[in-house]
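Here is the structure we will look at, set down as structure tokens.
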Amino acid sequence: MKLNLIKIVNGCRLGQIQNLGKTGDITMDIPGCLLYTKTGSAPHLTHHTLHNIHGVPAMAQLTLSSLAEHHEVLAEYKEGVGKFIGMPESLLYCSLHDPVSPCPAGYVTNKSVSVWGVGGRVEMTTSKFMAIQEALQPDWFQCLSDGEVACEEVTSIKRVRKSVDRSLLFLDNCLQLQEKSEVLRQSMIIGVIEGGDVIEERLRSARETAKRPVGGFLLDGFRGNPATLDTRLQLLSSVTAELPEDKPRLICGVSRPDEVLKCIERGVDLFESFFPYQVTERGCALTFSFDYQPNPEETLLQQNGIQEDIKYVDQVKKIKTSGCNQEMTSFEINLKEKKFQEDFNPLVRGCSCYSCKNHTRAYIHHLLVTNELLARVLLMMHNFEHYFGFFHSIREALKSDRLAQLKELIFRQAP
Amino acid sequence: MAAAASPASLESAPRIMRLVAECSRSRARAGELRLPHGTVATPVFMPVGTQATMKGITTEQLDALGCRICLGNTYHLGLRPGPELIQKAHGLHGFMNWPHNLLTDSGGFQMVSLVSLSEVTEEGVRFRSPYDGDETLLSPERSVEIQNALGSDIIMQLDDVVSSTVTGPRVEEAMHRSVRWLDRCIAAHRRPDKQNLFAIIQGGLDAKLRATCLEEMTKRDVPGFAIGGLSGGESKEQFWRMVELSTSRLPKDKPRYLMGVGYATDLVVCVALGCDMFDCVYPTRTAVRPGAGAGAWLRGRGEGPWAPPTPAKQRPSPRADGRPPSCAQLRLMSAVRASIVEQRFPEFVRDFMGTMYGDRTLCPPWATEALASVGITLG
């Protein structure tokens, strides 16, 4: 793996990660995102429909919380989870938790961390954790870490310090175990930066983790509501300043377009793409514009469109869906609304995704109202493509030094 | 058209069926249906897309599977989103963006499946909507009107459907009423040039009643016939005899649509008995993965990747194994058709039963009898 930085503009890193994958010929662009999955299949999609999407990232995220209980089967299978799920060509990153499902606090000990699968809690020591990774054989994996500080409301300095100590201890153990296994040496360990909201601990975690031979860094504990993120952003810059330039920086729990931009400005390279999934689950479609250099006609239409959406969002409702107790954002429209019943436009005019090229808002509205599976298939296809298009526009904007324009456009549409 | 009170005075209905090959032993035929949205090879299995969608698969995937005709449901679509909206969307084809053929049923079957919500009179079927408690009357005229708005290539008459387990005078009443309703449908049909109205043979499990129905309905010159009132709870012994009776009296040059049959063995036997078109909610409703049934037969040929189990609580990816439901049935019909065209259908049947049941002699007795009645022996 080689990280090739093309340029750094106002803290934003533009570049490529090269020589990835078993044959070493896959490349990933940064800033970028990972394809969100739980067990390896993109939600609602089969290989066929996934391949209809333009711009699918080279690396997919799997979550250990979904896979840990299948450990024995995978160990028996011997050939790794990529082949098992029918995606042998894809790069795979295994995260500890599912960003969409919060983890209950109080289960990390000095010796183990727990994840929650469908069947309940799976407790993992470093040896069990590494045994699971040996069965999965991902390209990258998040090291076992103590990320509970973010789950709790008020944390003592003592607890924060412990989270940093434990995570470093787990890291050292895992690195040792990796040395002994030829299979595990094929995977890259991502070191996890902890430290809650305590600057000293954050810096300590960053410096110590950077001393270890990890392949990259995961910035943990930054998820939360927009208000908490803003305070934490100040920490973020200090943390990334301590990290080597030539290794990728991932962040978990941050996926909204405005938050993504804020983190890129503070040295983050890779994001999870669970936001489009959450939007899909609440029956919504991403419609925010990332066209930062439209022609004058388009600008006018865009401005009118944005004004409409903003007026509409004044009646924002809380939409409860399975596990996604999230409020709708102003980046999306809710296809269940009656006003779409006779709207024969595509989800987004000009979008080249399968759903927009073939179907109408009226049809998707009907599918949602009648509780049909296809509703979420079509929404997922659009939302992923739209989101990947957003990341493409970030890179283009960085290339041509127009990020300020893109920022202005996105923040204008943010709540 | 409004003056056509006497069915005998109708103009000749289009001949939409072209026979390509016939089995020299049984009644199996291979053919082509010439429909407004293209040709359909028969025998054919038609996936059911009740509410203008095929349970989680895109129209592109359906097209890629080779499907050229599928079903929509008039009762459901008539309620949501309603015929006016669909008309604004350029018909059901436009609304769901399906470039090939569509067949809509009349909405009548819901009389049986939703029987607690319905009441039948000479006028039509009165339904109470499960969604808002509103009452609607589905008459032959209204059913055809909705189907005209939907714009499907084949539309079905509204028939008086009774469950096949019902006996007594109700069966006869329903049969005669179905004939009268057929005439009302024919009279109300505003687009005979664009949409093909099929009659539905009733008569339950009573050979005399069914024979009467066949005699009457074949006097009406419709483009095709369906065999209805079966595939309920009746025994397979009674079932196949009614199918055989029906195909023996239906014209050869018109398609025979056997409604509600979708299990692999039933499909193969009923093709042998002379049926051309089939539909069944079973594969889409249960999202059958290759396992038992037709899937096993196909898997014997090395088809089908493994799939990890999807947890019950999560909404599953439509098909974790990448293979849509109904796929097995579609490919089975394709294989059946090839065997008829190549004059080896009886062999195909023997081979099929062998794979399905491990041994031909373990084929269920009703199927063995049914096949024997048209000259195919398994032993």
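Here, A, B, ... name the chains of the structure tokens in the order displayed, residue numbers run from 1 inside each chain, and ligands are numbered from 1 in the same displayed order.
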| message | For the structure I just gave you, how does DSSP split segment 216-399 of chain A - specifically, which residues are strand (DSSP E or B)? Reply as a list in words. | response |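 Listing strand (DSSP E or B) positions across segment 216-399 of chain A yields Gly216, Phe217, Leu218, Leu219, Arg249, Leu250, Ile251, Leu270, Phe271, Glu272, Cys284, Ala285, Leu286, Lys318, Thr321, Cys324, Glu327, Glu332, Ile333 and Asn334 of chain A.
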| If we count only C-alpha atoms, what is near Glu135 of chain B at a cut-off of 12 Å, once residues fewer than 3 positions away on the same chain are taken out, given as a PyMOL selection string? | chain B and resi 79+117-119+125-132+138
Can I get the selection written as a PDB file, in the first residue's frame, with C-alpha atoms?
```pdb
ATOM      1  CA  LEU B  79     -57.366   0.734  -4.973  1.00  0.00           C
ATOM      2  CA  LEU B 117     -64.683  -8.630   2.901  1.00  0.00           C
ATOM      3  CA  SER B 118     -66.855  -9.417  -0.103  1.00  0.00           C
ATOM      4  CA  GLU B 119     -70.413 -10.129  -1.145  1.00  0.00           C
ATOM      5  CA  VAL B 125     -68.833  -8.124  -6.164  1.00  0.00           C
ATOM      6  CA  ARG B 126     -69.162  -5.686  -3.330  1.00  0.00           C
ATOM      7  CA  PHE B 127     -65.871  -5.235  -1.447  1.00  0.00           C
ATOM      8  CA  ARG B 128     -65.106  -3.448   1.737  1.00  0.00           C
ATOM      9  CA  SER B 129     -61.635  -1.927   1.427  1.00  0.00           C
ATOM     10  CA  PRO B 130     -59.198  -3.210   4.039  1.00  0.00           C
ATOM     11  CA  TYR B 131     -57.456   0.174   4.003  1.00  0.00           C
ATOM     12  CA  ASP B 132     -60.219   2.650   4.655  1.00  0.00           C
ATOM     13  CA  LEU B 138     -66.587  -4.493  -8.778  1.00  0.00           C
TER      14      LEU B 138
END
```
| Given a cut-off of 8 Å, which residues of chain A touch chain B, counting only C-alpha atoms, written out as number ranges by chain? | A: 41, 43-48, 84-86, 118, 342, 344, 358-359, 363, 366-367, 370, 372-375, 377
Keeping only N, CA, C and O atoms, write those residues as a short mmCIF file (atom, residue, chain, number, x, y, z; two decimals), in the first residue's frame.
```cif
data_model
loop_
_atom_site.label_atom_id
_atom_site.label_comp_id
_atom_site.auth_asym_id
_atom_site.auth_seq_id
_atom_site.Cartn_x
_atom_site.Cartn_y
_atom_site.Cartn_z
N SER A 41 -23.01 -7.56 1.82
CA SER A 41 -23.92 -7.19 0.73
C SER A 41 -24.44 -5.78 0.99
O SER A 41 -24.89 -5.48 2.09
N PRO A 43 -26.94 -2.97 1.39
CA PRO A 43 -28.33 -3.17 1.81
C PRO A 43 -29.30 -3.07 0.64
O PRO A 43 -29.20 -2.19 -0.19
N HIS A 44 -30.24 -4.01 0.59
CA HIS A 44 -31.31 -4.06 -0.42
C HIS A 44 -30.83 -4.43 -1.82
O HIS A 44 -31.64 -4.54 -2.73
N LEU A 45 -29.54 -4.58 -2.01
CA LEU A 45 -29.04 -4.77 -3.37
C LEU A 45 -28.38 -6.13 -3.56
O LEU A 45 -27.79 -6.69 -2.65
N THR A 46 -28.51 -6.65 -4.78
CA THR A 46 -27.79 -7.86 -5.17
C THR A 46 -26.59 -7.41 -5.99
O THR A 46 -26.43 -6.22 -6.26
N HIS A 47 -25.76 -8.34 -6.40
CA HIS A 47 -24.61 -7.97 -7.21
C HIS A 47 -25.06 -7.23 -8.47
O HIS A 47 -24.45 -6.26 -8.89
N HIS A 48 -26.14 -7.72 -9.07
CA HIS A 48 -26.64 -7.12 -10.30
C HIS A 48 -27.01 -5.66 -10.10
O HIS A 48 -26.55 -4.78 -10.83
N PHE A 84 -16.57 -15.87 0.23
CA PHE A 84 -17.77 -16.43 0.84
C PHE A 84 -19.03 -15.68 0.42
O PHE A 84 -20.06 -16.28 0.14
N ILE A 85 -18.94 -14.36 0.40
CA ILE A 85 -20.12 -13.57 0.07
C ILE A 85 -20.22 -13.29 -1.42
O ILE A 85 -21.07 -12.54 -1.86
N GLY A 86 -19.32 -13.86 -2.19
CA GLY A 86 -19.39 -13.66 -3.63
C GLY A 86 -18.82 -12.35 -4.10
O GLY A 86 -19.20 -11.82 -5.14
N VAL A 118 -26.95 -10.57 15.85
CA VAL A 118 -28.37 -10.89 15.94
C VAL A 118 -28.63 -11.84 17.09
O VAL A 118 -29.66 -11.75 17.78
N GLU A 342 -48.47 12.23 -7.71
CA GLU A 342 -48.64 12.41 -9.15
C GLU A 342 -47.45 13.12 -9.76
O GLU A 342 -47.56 13.75 -10.82
N PHE A 344 -44.43 12.96 -11.81
CA PHE A 344 -43.83 12.04 -12.77
C PHE A 344 -42.40 12.43 -13.14
O PHE A 344 -41.87 11.98 -14.15
N ASN A 358 -35.08 5.38 -15.05
CA ASN A 358 -36.16 4.46 -15.38
C ASN A 358 -37.48 4.69 -14.65
O ASN A 358 -38.50 4.16 -15.06
N HIS A 359 -37.44 5.45 -13.58
CA HIS A 359 -38.67 5.54 -12.78
C HIS A 359 -38.98 6.94 -12.32
O HIS A 359 -38.17 7.85 -12.45
N TYR A 363 -44.06 6.64 -8.94
CA TYR A 363 -43.97 5.18 -8.84
C TYR A 363 -43.33 4.78 -7.51
O TYR A 363 -43.81 3.89 -6.83
N HIS A 366 -45.73 5.17 -4.76
CA HIS A 366 -46.66 4.04 -4.75
C HIS A 366 -46.03 2.81 -4.08
O HIS A 366 -46.66 2.14 -3.26
N LEU A 367 -44.77 2.55 -4.41
CA LEU A 367 -44.10 1.38 -3.84
C LEU A 367 -43.95 1.50 -2.33
O LEU A 367 -44.05 0.52 -1.60
N THR A 370 -47.43 1.04 -0.67
CA THR A 370 -47.89 -0.35 -0.69
C THR A 370 -46.87 -1.29 -0.04
O THR A 370 -47.01 -2.50 -0.14
N GLU A 372 -43.80 -2.15 -0.71
CA GLU A 372 -43.12 -3.06 -1.62
C GLU A 372 -41.60 -2.98 -1.47
O GLU A 372 -41.03 -1.91 -1.29
N LEU A 373 -40.95 -4.14 -1.57
CA LEU A 373 -39.49 -4.23 -1.43
C LEU A 373 -38.76 -3.33 -2.41
O LEU A 373 -37.71 -2.78 -2.12
N LEU A 374 -39.34 -3.22 -3.62
CA LEU A 374 -38.63 -2.50 -4.67
C LEU A 374 -38.39 -1.04 -4.32
O LEU A 374 -37.44 -0.42 -4.80
N ALA A 375 -39.23 -0.49 -3.46
CA ALA A 375 -39.05 0.92 -3.06
C ALA A 375 -37.64 1.16 -2.56
O ALA A 375 -36.94 2.08 -3.00
N VAL A 377 -35.04 -0.78 -2.88
CA VAL A 377 -34.01 -1.12 -3.86
C VAL A 377 -33.72 0.11 -4.72
O VAL A 377 -32.57 0.52 -4.88
#
```
| field | Contact residues around Ala188 of chain B with only C-alpha atoms at 8 Å, ignoring same-chain residues under 5 positions, as a list in words | value |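 Result of the neighbour search: Ala2, Pro140, Glu141, Val144 and Glu145 of chain B.
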| Cys70 of chain B surroundings by only C-alpha atoms, 6 Å radius, close-in-sequence under 3 positions cut, as a ChimeraX atom specification | /B:46-48,102
